[in-house]
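So this block is coords36.txt, compact mmCIF, C-alpha atoms:
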# COMPACT_ATOMS: atom_id res chain seq x y z
CA THR A 1 -47.60 -4.67 13.48
CA TYR A 2 -46.59 -5.00 9.84
CA THR A 3 -43.16 -6.11 8.64
CA VAL A 4 -41.98 -4.34 5.48
CA VAL A 5 -40.03 -6.77 3.31
CA ALA A 6 -40.34 -5.04 -0.08
CA VAL A 7 -41.33 -1.78 -1.73
CA GLY A 8 -43.17 -2.54 -4.96
CA LYS A 9 -42.84 -1.21 -8.48
CA ASP A 10 -43.83 2.47 -8.86
CA ALA A 11 -44.85 2.53 -5.17
CA PHE A 12 -44.05 6.24 -4.69
CA ARG A 13 -43.20 7.19 -8.26
CA ASP A 14 -43.75 10.87 -9.13
CA VAL A 15 -44.87 11.76 -5.58
CA GLU A 16 -43.00 15.04 -5.66
CA THR A 17 -44.19 15.99 -2.17
CA LEU A 18 -42.27 13.03 -0.71
CA GLY A 19 -38.95 14.24 0.66
CA GLY A 20 -36.51 13.88 3.52
CA HIS A 21 -34.77 10.77 4.80
CA VAL A 22 -35.89 7.22 3.99
CA ASN A 23 -34.54 4.71 6.52
CA PHE A 24 -35.20 1.15 5.39
CA PRO A 25 -35.86 -1.51 8.06
CA SER A 26 -33.67 -4.56 8.61
CA THR A 27 -36.38 -6.73 7.03
CA ILE A 28 -36.22 -5.10 3.58
CA THR A 29 -35.18 -7.40 0.70
CA ARG A 30 -36.28 -5.59 -2.43
CA ILE A 31 -36.81 -2.00 -3.57
CA GLY A 32 -38.88 -2.26 -6.72
CA GLU A 33 -38.54 -0.73 -10.15
CA SER A 34 -39.10 3.05 -10.09
CA ALA A 35 -40.25 2.78 -6.46
CA PHE A 36 -39.04 6.29 -5.54
CA ARG A 37 -38.45 7.64 -9.03
CA ASN A 38 -38.87 11.39 -9.39
CA THR A 39 -39.46 12.10 -5.70
CA LYS A 40 -37.73 14.67 -3.50
CA ILE A 41 -36.13 12.31 -0.99
CA THR A 42 -32.71 13.63 0.07
CA GLN A 43 -31.17 10.69 1.93
CA VAL A 44 -31.47 6.89 2.05
CA THR A 45 -30.14 4.47 4.66
CA PHE A 46 -30.00 0.73 4.05
CA PRO A 47 -29.54 -1.91 6.78
CA GLN A 48 -26.11 -3.51 7.14
CA GLU A 49 -27.37 -7.08 7.30
CA GLY A 50 -29.59 -9.15 5.01
CA ARG A 51 -29.80 -9.31 1.21
CA ILE A 52 -31.21 -6.38 -0.75
CA ASN A 53 -31.96 -5.97 -4.44
CA ILE A 54 -32.31 -2.37 -5.65
CA GLN A 55 -34.19 -2.65 -8.92
CA ASN A 56 -34.22 -0.62 -12.15
CA TYR A 57 -34.80 3.13 -11.76
CA ALA A 58 -35.57 2.69 -8.04
CA PHE A 59 -34.12 6.09 -7.09
CA ASN A 60 -33.83 7.67 -10.52
CA ARG A 61 -34.22 11.47 -10.52
CA THR A 62 -34.46 11.83 -6.77
CA ALA A 63 -32.94 14.65 -4.70
CA ILE A 64 -30.46 12.48 -2.79
CA THR A 65 -27.50 14.62 -1.77
CA GLY A 66 -24.01 14.11 -0.39
CA THR A 67 -22.48 10.69 0.20
CA LEU A 68 -24.43 7.59 -0.82
CA THR A 69 -23.43 4.55 1.25
CA ILE A 70 -24.16 1.08 -0.09
CA PRO A 71 -23.67 -1.53 2.67
CA GLN A 72 -22.72 -5.19 2.32
CA SER A 73 -26.38 -6.21 2.45
CA VAL A 74 -26.94 -4.89 -1.08
CA TYR A 75 -26.01 -7.52 -3.66
CA TYR A 76 -27.56 -5.98 -6.79
CA ILE A 77 -27.95 -2.39 -7.92
CA GLN A 78 -29.90 -2.75 -11.13
CA SER A 79 -29.79 -0.57 -14.23
CA PHE A 80 -30.46 3.17 -13.90
CA ALA A 81 -31.07 2.77 -10.14
CA PHE A 82 -29.49 6.13 -9.17
CA MET A 83 -29.22 7.69 -12.63
CA ASP A 84 -29.73 11.45 -12.90
CA CYS A 85 -29.23 12.18 -9.19
CA PRO A 86 -26.75 15.06 -9.51
CA GLY A 87 -26.79 15.72 -5.77
CA ILE A 88 -24.86 12.49 -5.07
CA THR A 89 -21.27 13.68 -4.75
CA ALA A 90 -19.57 10.63 -3.23
CA LEU A 91 -20.13 6.88 -3.27
CA VAL A 92 -19.14 4.36 -0.59
CA LEU A 93 -19.37 0.71 -1.67
CA PRO A 94 -19.07 -2.45 0.47
CA GLU A 95 -15.81 -4.19 1.31
CA THR A 96 -17.45 -7.63 1.46
CA GLY A 97 -20.51 -9.47 0.22
CA PRO A 98 -23.70 -10.03 2.24
CA ASN A 99 -23.08 -11.20 5.81
CA GLY A 100 -19.34 -10.78 5.37
CA GLY A 101 -19.08 -13.31 2.55
CA PRO A 102 -17.23 -13.02 -0.78
CA ALA A 103 -17.82 -10.25 -3.32
CA GLN A 104 -21.27 -10.35 -4.86
CA LEU A 105 -22.35 -6.80 -5.64
CA THR A 106 -23.34 -6.22 -9.24
CA ILE A 107 -23.63 -2.62 -10.39
CA GLY A 108 -26.06 -2.47 -13.29
CA ASN A 109 -25.95 -0.53 -16.53
CA SER A 110 -25.99 3.27 -16.14
CA ALA A 111 -26.59 2.84 -12.41
CA PHE A 112 -24.75 6.06 -11.47
CA MET A 113 -24.68 7.92 -14.77
CA GLY A 114 -25.78 11.52 -14.31
CA THR A 115 -24.74 11.73 -10.65
CA GLY A 116 -22.35 14.34 -9.28
CA ILE A 117 -19.66 12.00 -7.94
CA THR A 118 -16.32 13.79 -7.67
CA GLY A 119 -12.74 13.06 -6.63
CA THR A 120 -11.51 9.53 -6.03
CA LEU A 121 -13.84 6.62 -6.79
CA THR A 122 -12.86 3.53 -4.83
CA ILE A 123 -14.24 0.18 -5.94
CA PRO A 124 -13.67 -2.24 -3.03
CA LYS A 125 -13.45 -6.03 -3.16
CA GLY A 126 -17.15 -6.39 -2.36
CA VAL A 127 -17.96 -5.43 -5.97
CA GLU A 128 -17.98 -8.29 -8.49
CA ARG A 129 -19.30 -6.65 -11.66
CA ILE A 130 -19.50 -3.09 -12.98
CA GLY A 131 -22.16 -2.75 -15.65
CA GLY A 132 -22.08 -0.92 -18.95
CA ASP A 133 -22.15 2.89 -18.78
CA ALA A 134 -22.25 2.64 -14.98
CA PHE A 135 -20.20 5.81 -14.47
CA GLN A 136 -20.13 7.13 -18.02
CA HIS A 137 -19.32 10.82 -18.54
CA LEU A 138 -18.79 11.59 -14.84
CA LYS A 139 -16.12 14.21 -15.42
CA GLY A 140 -15.81 14.89 -11.70
CA ILE A 141 -14.19 11.52 -11.04
CA THR A 142 -10.46 12.20 -11.18
CA LYS A 143 -8.97 8.99 -9.77
CA LEU A 144 -10.03 5.35 -9.87
CA VAL A 145 -8.94 2.77 -7.30
CA LEU A 146 -9.83 -0.84 -8.13
CA PRO A 147 -9.57 -3.71 -5.61
CA GLN A 148 -6.78 -6.28 -5.56
CA SER A 149 -9.37 -9.06 -5.66
CA GLY A 150 -13.09 -9.69 -6.04
CA LEU A 151 -13.84 -7.66 -9.17
CA ARG A 152 -14.46 -9.92 -12.17
CA VAL A 153 -16.09 -7.93 -14.98
CA ILE A 154 -15.93 -4.32 -16.20
CA GLU A 155 -18.58 -3.95 -18.89
CA GLY A 156 -18.60 -1.72 -21.96
CA SER A 157 -18.30 2.07 -21.49
CA ALA A 158 -18.31 1.65 -17.71
CA PHE A 159 -15.93 4.59 -17.26
CA TYR A 160 -16.18 6.09 -20.73
CA GLY A 161 -15.52 9.81 -20.86
CA THR A 162 -14.88 10.27 -17.14
CA GLY A 163 -12.21 12.58 -15.72
CA ILE A 164 -9.99 9.75 -14.44
CA SER A 165 -6.33 10.70 -14.64
CA GLY A 166 -2.96 9.14 -13.88
CA GLN A 167 -2.53 5.40 -13.41
CA VAL A 168 -5.22 2.72 -13.50
CA THR A 169 -4.34 -0.74 -12.21
CA ILE A 170 -6.46 -3.65 -13.40
CA PRO A 171 -6.55 -6.39 -10.72
CA SER A 172 -5.68 -9.98 -11.53
CA SER A 173 -9.23 -11.09 -10.67
CA VAL A 174 -10.70 -9.30 -13.72
CA THR A 175 -11.61 -11.62 -16.59
CA LYS A 176 -13.29 -9.18 -18.98
CA ILE A 177 -12.96 -5.51 -19.90
CA GLY A 178 -15.80 -4.54 -22.22
CA SER A 179 -15.77 -2.37 -25.32
CA SER A 180 -14.91 1.29 -24.72
CA ALA A 181 -14.78 0.63 -20.97
CA PHE A 182 -12.07 3.25 -20.45
CA ALA A 183 -12.27 5.04 -23.80
CA GLY A 184 -11.87 8.79 -23.95
CA LEU A 185 -9.84 9.13 -20.75
CA GLU A 186 -7.37 11.64 -22.12
CA ASN A 187 -5.68 12.20 -18.75
CA MET A 188 -5.17 8.50 -18.01
CA ASP A 189 -1.47 8.11 -18.77
CA LYS A 190 -0.50 4.72 -17.34
CA LEU A 191 -2.10 1.27 -17.39
CA VAL A 192 -0.94 -1.62 -15.20
CA PHE A 193 -2.22 -5.21 -15.29
CA ALA A 194 -1.64 -6.94 -11.97
CA GLU A 195 -0.50 -10.51 -12.54
CA GLN A 196 0.04 -11.83 -9.03
CA GLY A 197 -2.64 -14.37 -8.23
CA ARG A 198 -4.14 -14.43 -11.73
CA LYS A 199 -6.14 -17.63 -12.27
CA TYR A 200 -8.15 -16.78 -15.40
CA ASN A 201 -7.52 -15.41 -18.87
CA LEU A 202 -8.39 -11.78 -19.53
CA ILE A 203 -10.52 -10.62 -22.47
CA ILE A 204 -10.04 -6.98 -23.56
CA ASP A 205 -12.81 -5.96 -25.92
CA VAL A 206 -12.96 -3.52 -28.84
CA SER A 207 -11.73 0.04 -28.15
CA ALA A 208 -11.48 -0.66 -24.42
CA PHE A 209 -8.74 1.94 -23.95
CA ALA A 210 -9.20 4.00 -27.13
CA ASN A 211 -8.36 7.71 -27.04
CA THR A 212 -6.65 7.60 -23.68
CA GLY A 213 -3.33 9.24 -22.80
CA ILE A 214 -1.49 5.99 -22.14
CA SER A 215 2.18 6.25 -23.02

C-alpha cells encoding of this file:
Amino acid sequence: TYTVVAVGKDAFRDVETLGGHVNFPSTITRIGESAFRNTKITQVTFPQEGRINIQNYAFNRTAITGTLTIPQSVYYIQSFAFMDCPGITALVLPETGPNGGPAQLTIGNSAFMGTGITGTLTIPKGVERIGGDAFQHLKGITKLVLPQSGLRVIEGSAFYGTGISGQVTIPSSVTKIGSSAFAGLENMDKLVFAEQGRKYNLIIDVSAFANTGIS
C-alpha cells in the first residue's frame, strides 16, 4: 500500500480527460505547481487535519464548480492557485490555523482572480495575509467581512475593482494595506478602522482607497 504525501509539479497538467471529484487523503502535504492545471475536475476535498501547501497554478483553469472549502489544514495558497476557475461561486476559508492554532493561512497573489465568487466574501481569523490581486476585478463580490483579529496584511490591489459596497471595517490586527488594495470600489461608501486591541502601527500605501465612494 502506498501513502500519497504530495502531488508533484505538472503531475496531471493538461489532462483534459481528467474530471470529477478529487478527494485528497489525510496524508497529503503538498499539491505541486500546475499539478491539476487545465483539467476538467469539478470538485476538490482537502483533509481537515495536517499541513497542506497548495502551490502556484495548482488548480488554475480547472472546472471546479460551486463552493470551494479551504479547511484549517491549508496554510498556504500560492499565487494563481485557483485563477481562472469561473465555476467557483463561493469561498469558505478556515476559522483557525492548522490543528486549531493561530491564523497562518496566506493567500497568494491572484489566487482567486478570474473566479465567479459572488455575494458576501467572509475572511475569517484563520487568514493572516491576503496577497496582491487576490480577488481583483471580481465584480460579483458585493460585501466584504474582515475578521476582528488574525489578519495582518492586505497586499496591493487585493480587492481592486471588485463590486464591494457599503461599509468596510479594517481590523486592528492589520499592519499594512498595500497600494490600490481597495481602489476603484465606487460603491464602498464608508471606511472604519477598528482601534480596540491595536498593538501595531498601520501603513496605508499609495492609492489604497483611490476612486472609492467613501464620504

Spatial neighbours of region 23-30 of chain A, max dist 9 Å, only C-alpha atoms, sep filter under 6 positions, as a PyMOL selection string | chain A and resi 3-8+43-55+74

Can you tell me, as a list in words, what residues are no more than 8 Å from Ser215 (chain A) when counting all atoms listed in the file, ignoring any on the same chain fewer than 2 positions away?
->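 Near Ser215 (chain A), the qualifying residues are Asp189, Lys190 and Gly213 of chain A.
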
Counting all atoms listed in the file, which of A:Ala158, A:Ile164, A:Ala35, A:Ile70 gets nearest to Ala90 (chain A)?
-> A:Ile70

Shell around region 91-104 of chain A at 7 Å using all atoms listed in the file, local window under 5 positions removed, as a ChimeraX atom specification = /A:49-51,67-75,117,123-128,150

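Restricting the calculation to only C-alpha atoms, the smallest distance between Gly19 (chain A) and any of A:Phe112, A:Phe36, A:Phe209, A:Phe193 is found for A:Phe36.
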
Between CA of Val153 (chain A) and CA of Pro86 (chain A), distance in Å (one decimal) =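 Taking CA of Val153 (chain A) and CA of Pro86 (chain A), their separation equals 25.9 Å.
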
From the set A:Gln136, A:Thr42, A:Gln78, A:Ser207, which residue has the shortest atom-to-atom contact distance to Gly108 (chain A), counting all atoms listed in the file?
-> A:Gln78

Students should find that CA of Gly140 (chain A) and CA of Thr115 (chain A) are spaced 9.5 Å

Give, as AutoDock Vina command-line options, the centre coordinates and the x, y and z edge lengths in Å to one decimal for an axis-aligned box around all listed atoms of region 84-87 of chain A, padded by 5 Å on each side.
--center_x -28.2 --center_y 13.6 --center_z -9.3 --size_x 13.0 --size_y 14.3 --size_z 17.1

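Reported to one decimal place, the separation of CA of Glu33 (chain A) from CA of Leu138 (chain A) is 23.7 Å.
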
Hey, which of A:Thr162, A:Ser79, A:Gln196, A:Asn56 ends up closest to Val174 (chain A)? Count all atoms listed in the file.
->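 Among A:Thr162, A:Ser79, A:Gln196, A:Asn56, it is A:Gln196 that comes nearest to Val174 (chain A).
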
Selection near Ile204 (chain A), 7 Å with only C-alpha atoms, sequence-local residues under 3 positions removed, as a VMD selection string | chain A and resid 176 to 178 208
